[in-house]
Each structure stands twice: as C-alpha cells, then as structure tokens.
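Colleague: Below is a structure I'd like to ask you about.
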Amino acid sequence: MIEVRRHNAGFCQPCFLKHCRDQVSRAIEEFEMFGPDDRVLVAVSGGKDSLALWDILLDLGYQVDGLYLGLGIGEYSGSSGTYARQYAARRCAPLIEVDIPSEFGFDIPTGARAAKRVPCSACGLSKRHLFNQSAVDGGYDVVATGHNLDDEAAVLFGNVLRWETAYLGRQAPVLPAAPGFARKVKPLVRMGERETAAYCVLSGIDYIVEECPMAVGNKHLGYKDALNQIEVQSPGTKAAFYFSFLDRVSPLFTGIAEEERQGLQPCAGCGSPTTGEWCAFCKLVAKASGAPLGGAAGGTTGAGVAP
Ligand code: Q46
Ligand code: ZN
C-alpha cells in the first residue's frame, strides 16, 4: 500500500501507477502543455524524476525523446549517464547526448570557479541554454523537465523570501515558445518526489540515488527541508502554496517577465536570445577556456543520438 497523505489516499501498485499517469495527464491538459502531434524533448539526468517523467510520457503515447547533458561532475556524471542510457535502451527510445567537457572544453566545477559562480549557478545556466538549443536544433516543439511539486514549491518559497518578482513572473508550469525559444513545460508539478521515487521502484526503473555532490549546502535543499517540516504537520500545505500561487498571485507578475522577453536580441556568439550582446552561456564558455568572447572552443550542440 502506497500512502499519499496529501490526497488522504492509499493505493495498491497498479492503482498507484495509474494515479501517477493520471496526475501527469491532468497537468498536461490543465496547463495545455502539449498534444499528441507535438515533438517533446525530455531532459533526463538519470534521476528518479526525469526517468519517471520519460516513462509516463512514453506510456501515455506522446512523441518523446530524451536529452542527457554530461556535466563533467566526476563519478556522479559517469553513473548518471549510465542510468539514462540504460533506460533509453530498455525502452528503445532515442537519447540525445551533449557532453559539456568534450564539446565546450570545461566541466561544471572548473567553469564555475573560472566564472566566479557557485557550481549550481553555472550548471543551471548551462542546462537552460543547452536544453533550449538542443530542442531548437532538433526541431522539437517542447522541452519537458522533471521538476516536481517539491522542487517548484521550494523555488517559489525562495523567490517569495526575496520577492524576486521577475522570477515569480516566470515560475509557471508552461513557458510559451518565442522566437529562438522552444516551449518549456513541467508535467510533474502534480507529483511529489516521494511519489516519483515510488513510481520508479514499482516500475522497475533503476535510477541514480546519490545526490549531485555540488548540491551540498545549497539553499534549495534548505527550503525543501523547511517545507517538508511544515508538510508533516499539515499535509497538503505544499500543494496549496504552489497551486494557489499559480491561481491567484502569478498573474500579477507575468507582465514583468514579459517585459524582459521583449528586450531580447540574438547572442553575438551562438544566436540564442539574450538581453545583452553575449548570452550567459557564451560568457561562461569564454571564461572557462580563458579565450576572448567569440574565440572560445565549442559551438553547436553537436548532439549524438542513441540508440
Ligand atoms: S546537477 Fe547542477 Fe544540480 Fe549538481 S551542480 Fe547543482 S544544479 S546540484 S539539479
Ligand atoms: Zn551565446
């Protein structure tokens, strides 16, 4: 029996798997994420959330391929890639691979040090850039990521604590497509991370259990812990916090995010939309390689597809 306290419900194995598929279907429909004719690229890290998402989308019959980014974070990257490839092989599903060290000449820890950023900041901007670039290059309509309810509630909590209004305007389960940008969607917003873990275990999906070593001490984990403590006392608070924000508060901030999008122009290096002359990823590549902007190695996503 799998208990989901938020829904005040317990499920046997087949009913739990159906419940997970239903939650994803409901999110896709409710937020108009994509339809059966759209080509979806799901960003897979080898972890429970992204593999559960890929599995559910395949089972629901969507056209969905995987994208794995090699971050160059030691053994963690080695084994997370193995889990992503194993899953792709098991489902005979195409997996695009982009390896940052071999294609752009740096790994995330080194790039972060060179750019004087914390690793998760260098990593996050690289992911955003390369997910989008891979989707645009590959002719995909949509990029889907495995952010779950716990992730979204924790990000919201952090943004509210600092009243990051532009981030609040962008924190939606769907970001529409725009010139140079594929649509971004988060179909797991109705599932907690305990549920995605249980989904993988009950479906026989192997995933990397270790956290990324760079995550130690990051604020996001602290916000998750704080919300988890509240959730124990009052089940359902996390979902109420996030979904009430979407219903009642987020429309107040979308104008601010929209203004930002209006001021975008193509990056002088890679052509991606950006607010300045060079995008953050091109700047990171230049700093990490020590080359001047525009002269750094690396360029296209040069993605390989397997199988
Ligand atoms: S992979 Fe990247 Fe995460 Fe590792 S460096 Fe930070 S952001 S913790 S999801
Ligand atoms: Zn660029």
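Residues are named by chain letter and number: chains run A, B, ... in the order of the structure tokens, numbers start at 1 in each chain, and ligands are numbered from 1 in the order shown.
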Using only C-alpha atoms and all ligand atoms, tabulate the residues of chain A lying at most 9 Å from any atom of ligand 1, each with its closest atom pair and that distance in Å to one decimal, by chain and increasing residue number, as JSON lines.

Modeller:
{"residue": "A:Ser45", "atom": "CA", "partner": "ligand 1", "partner_atom_place_in_ligand_line": "1 (S)", "distance": 8.1}
{"residue": "A:Leu71", "atom": "CA", "partner": "ligand 1", "partner_atom_place_in_ligand_line": "2 (Fe)", "distance": 7.6}
{"residue": "A:Ile73", "atom": "CA", "partner": "ligand 1", "partner_atom_place_in_ligand_line": "4 (Fe)", "distance": 7.7}
{"residue": "A:Tyr76", "atom": "CA", "partner": "ligand 1", "partner_atom_place_in_ligand_line": "4 (Fe)", "distance": 8.9}
{"residue": "A:Ser77", "atom": "CA", "partner": "ligand 1", "partner_atom_place_in_ligand_line": "1 (S)", "distance": 8.8}
{"residue": "A:Ile108", "atom": "CA", "partner": "ligand 1", "partner_atom_place_in_ligand_line": "5 (S)", "distance": 7.0}
{"residue": "A:Pro109", "atom": "CA", "partner": "ligand 1", "partner_atom_place_in_ligand_line": "5 (S)", "distance": 7.8}
{"residue": "A:Val118", "atom": "CA", "partner": "ligand 1", "partner_atom_place_in_ligand_line": "5 (S)", "distance": 8.5}
{"residue": "A:Pro119", "atom": "CA", "partner": "ligand 1", "partner_atom_place_in_ligand_line": "5 (S)", "distance": 5.1}
{"residue": "A:Cys120", "atom": "CA", "partner": "ligand 1", "partner_atom_place_in_ligand_line": "6 (Fe)", "distance": 3.5}
{"residue": "A:Ser121", "atom": "CA", "partner": "ligand 1", "partner_atom_place_in_ligand_line": "7 (S)", "distance": 6.8}
{"residue": "A:Ala122", "atom": "CA", "partner": "ligand 1", "partner_atom_place_in_ligand_line": "5 (S)", "distance": 7.6}
{"residue": "A:Cys123", "atom": "CA", "partner": "ligand 1", "partner_atom_place_in_ligand_line": "2 (Fe)", "distance": 4.5}
{"residue": "A:Gly124", "atom": "CA", "partner": "ligand 1", "partner_atom_place_in_ligand_line": "7 (S)", "distance": 5.3}
{"residue": "A:Leu125", "atom": "CA", "partner": "ligand 1", "partner_atom_place_in_ligand_line": "7 (S)", "distance": 8.9}
{"residue": "A:Ser126", "atom": "CA", "partner": "ligand 1", "partner_atom_place_in_ligand_line": "2 (Fe)", "distance": 9.0}
{"residue": "A:Lys127", "atom": "CA", "partner": "ligand 1", "partner_atom_place_in_ligand_line": "2 (Fe)", "distance": 8.1}
{"residue": "A:Glu211", "atom": "CA", "partner": "ligand 1", "partner_atom_place_in_ligand_line": "8 (S)", "distance": 7.3}
{"residue": "A:Cys212", "atom": "CA", "partner": "ligand 1", "partner_atom_place_in_ligand_line": "4 (Fe)", "distance": 4.6}
{"residue": "A:Pro213", "atom": "CA", "partner": "ligand 1", "partner_atom_place_in_ligand_line": "4 (Fe)", "distance": 6.5}
{"residue": "A:Met214", "atom": "CA", "partner": "ligand 1", "partner_atom_place_in_ligand_line": "4 (Fe)", "distance": 4.8}
{"residue": "A:Ala215", "atom": "CA", "partner": "ligand 1", "partner_atom_place_in_ligand_line": "8 (S)", "distance": 3.8}
{"residue": "A:Val216", "atom": "CA", "partner": "ligand 1", "partner_atom_place_in_ligand_line": "8 (S)", "distance": 7.6}
{"residue": "A:Asn218", "atom": "CA", "partner": "ligand 1", "partner_atom_place_in_ligand_line": "8 (S)", "distance": 7.8}

Colleague: Name each residue within 7 Å of ligand 2, counting only C-alpha atoms and all ligand atoms, as a ChimeraX atom specification.

Modeller: /A:267-272,278-282

Colleague: If you count only C-alpha atoms, which residues fall within 7 Å of A:Val24, apart from same-chain ones fewer than 2 positions away, as a list in words?

Modeller: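 The filter keeps Cys20, Arg21, Asp22, Arg26, Ala27, Ile28, Pro187, Leu188 and Arg190 of chain A.
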
Colleague: Write out, as a PDB file, in the first residue's frame, the residues just selected, with N, CA and C atoms.

Modeller:
ATOM      1  N   CYS A  20      -0.286   8.033 -10.865  1.00  0.00           N
ATOM      2  CA  CYS A  20       0.826   8.879 -11.347  1.00  0.00           C
ATOM      3  C   CYS A  20       0.571   9.309 -12.783  1.00  0.00           C
ATOM      4  N   ARG A  21       0.159   8.366 -13.618  1.00  0.00           N
ATOM      5  CA  ARG A  21      -0.118   8.723 -15.028  1.00  0.00           C
ATOM      6  C   ARG A  21      -1.264   9.750 -15.089  1.00  0.00           C
ATOM      7  N   ASP A  22      -2.260   9.558 -14.228  1.00  0.00           N
ATOM      8  CA  ASP A  22      -3.403  10.493 -14.217  1.00  0.00           C
ATOM      9  C   ASP A  22      -2.969  11.902 -13.798  1.00  0.00           C
ATOM     10  N   ARG A  26      -3.332  15.034 -16.185  1.00  0.00           N
ATOM     11  CA  ARG A  26      -4.133  16.175 -15.726  1.00  0.00           C
ATOM     12  C   ARG A  26      -3.336  17.472 -15.837  1.00  0.00           C
ATOM     13  N   ALA A  27      -2.045  17.417 -15.455  1.00  0.00           N
ATOM     14  CA  ALA A  27      -1.201  18.624 -15.554  1.00  0.00           C
ATOM     15  C   ALA A  27      -1.045  19.034 -17.021  1.00  0.00           C
ATOM     16  N   ILE A  28      -0.836  18.052 -17.901  1.00  0.00           N
ATOM     17  CA  ILE A  28      -0.641  18.370 -19.328  1.00  0.00           C
ATOM     18  C   ILE A  28      -1.898  19.048 -19.886  1.00  0.00           C
ATOM     19  N   PRO A 187       5.653  18.721 -16.502  1.00  0.00           N
ATOM     20  CA  PRO A 187       4.454  17.879 -16.321  1.00  0.00           C
ATOM     21  C   PRO A 187       4.365  17.175 -14.962  1.00  0.00           C
ATOM     22  N   LEU A 188       5.436  17.238 -14.125  1.00  0.00           N
ATOM     23  CA  LEU A 188       5.372  16.546 -12.823  1.00  0.00           C
ATOM     24  C   LEU A 188       4.921  17.460 -11.689  1.00  0.00           C
ATOM     25  N   ARG A 190       2.247  18.023 -10.408  1.00  0.00           N
ATOM     26  CA  ARG A 190       1.217  17.463  -9.519  1.00  0.00           C
ATOM     27  C   ARG A 190       1.735  16.249  -8.731  1.00  0.00           C
TER      28      ARG A 190
END

Colleague: Running DSSP on the backbone, which parts of stretch 141-259 of chain A land in alpha helix (DSSP H), as a PyMOL selection string?

Modeller: chain A and resi 149-161+165-170+193-203+219-233+237-244+254-259

Colleague: Let's see if you can do this: from backbone DSSP, list all strand (DSSP E or B) residues in stretch 61-213 of chain A, as number ranges by chain.

Modeller: A: 63-70, 95-99, 142-144, 174-175, 178, 181, 183-185

Colleague: Can you list, as number ranges by chain, every protein, DNA or RNA residue that comes within 12 Å of A:Leu69 when you count only C-alpha atoms, leaving out same-chain residues fewer than 2 positions away?

Modeller: A: 42-46, 66-67, 71-73, 77-78, 80-82, 84-85, 95-104, 107-108, 123-124, 126-134, 301-304

Colleague: Closest to A:Val142 among A:Arg91, A:Arg39, A:Arg194, A:Arg113, using only C-alpha atoms?

Modeller: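 That would be A:Arg39, the residue with the smallest distance to A:Val142.
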
Colleague: Show which residues sit within 10 Å of A:Lys184, as number ranges by chain. Count only C-alpha atoms, and ignore same-chain residues fewer than 2 positions away.

Modeller: A: 33-34, 40-42, 128, 131-132, 141-145, 172-177, 181-182, 186-187

Colleague: Of the candidates A:Ile230, A:Ala112, A:Ile256, A:Met191, which shows the shortest atom-to-atom distance to A:Glu164, using only C-alpha atoms?

Modeller: A:Ile256

Colleague: Would you mind telling me which residue in A:Asp151, A:Asp206, A:Glu259, A:Asp59 lies nearest to A:Leu227 when using only C-alpha atoms?

Modeller: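 Of A:Asp151, A:Asp206, A:Glu259, A:Asp59, the one nearest A:Leu227, counting only C-alpha atoms, is A:Asp151.
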
Colleague: Which residue, A:Glu30, A:Asp65, A:Glu277, A:Asp247, has the smallest gap to A:Gly138 when you use only C-alpha atoms?

Modeller: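 Of all the options, A:Asp65 lies closest to A:Gly138.
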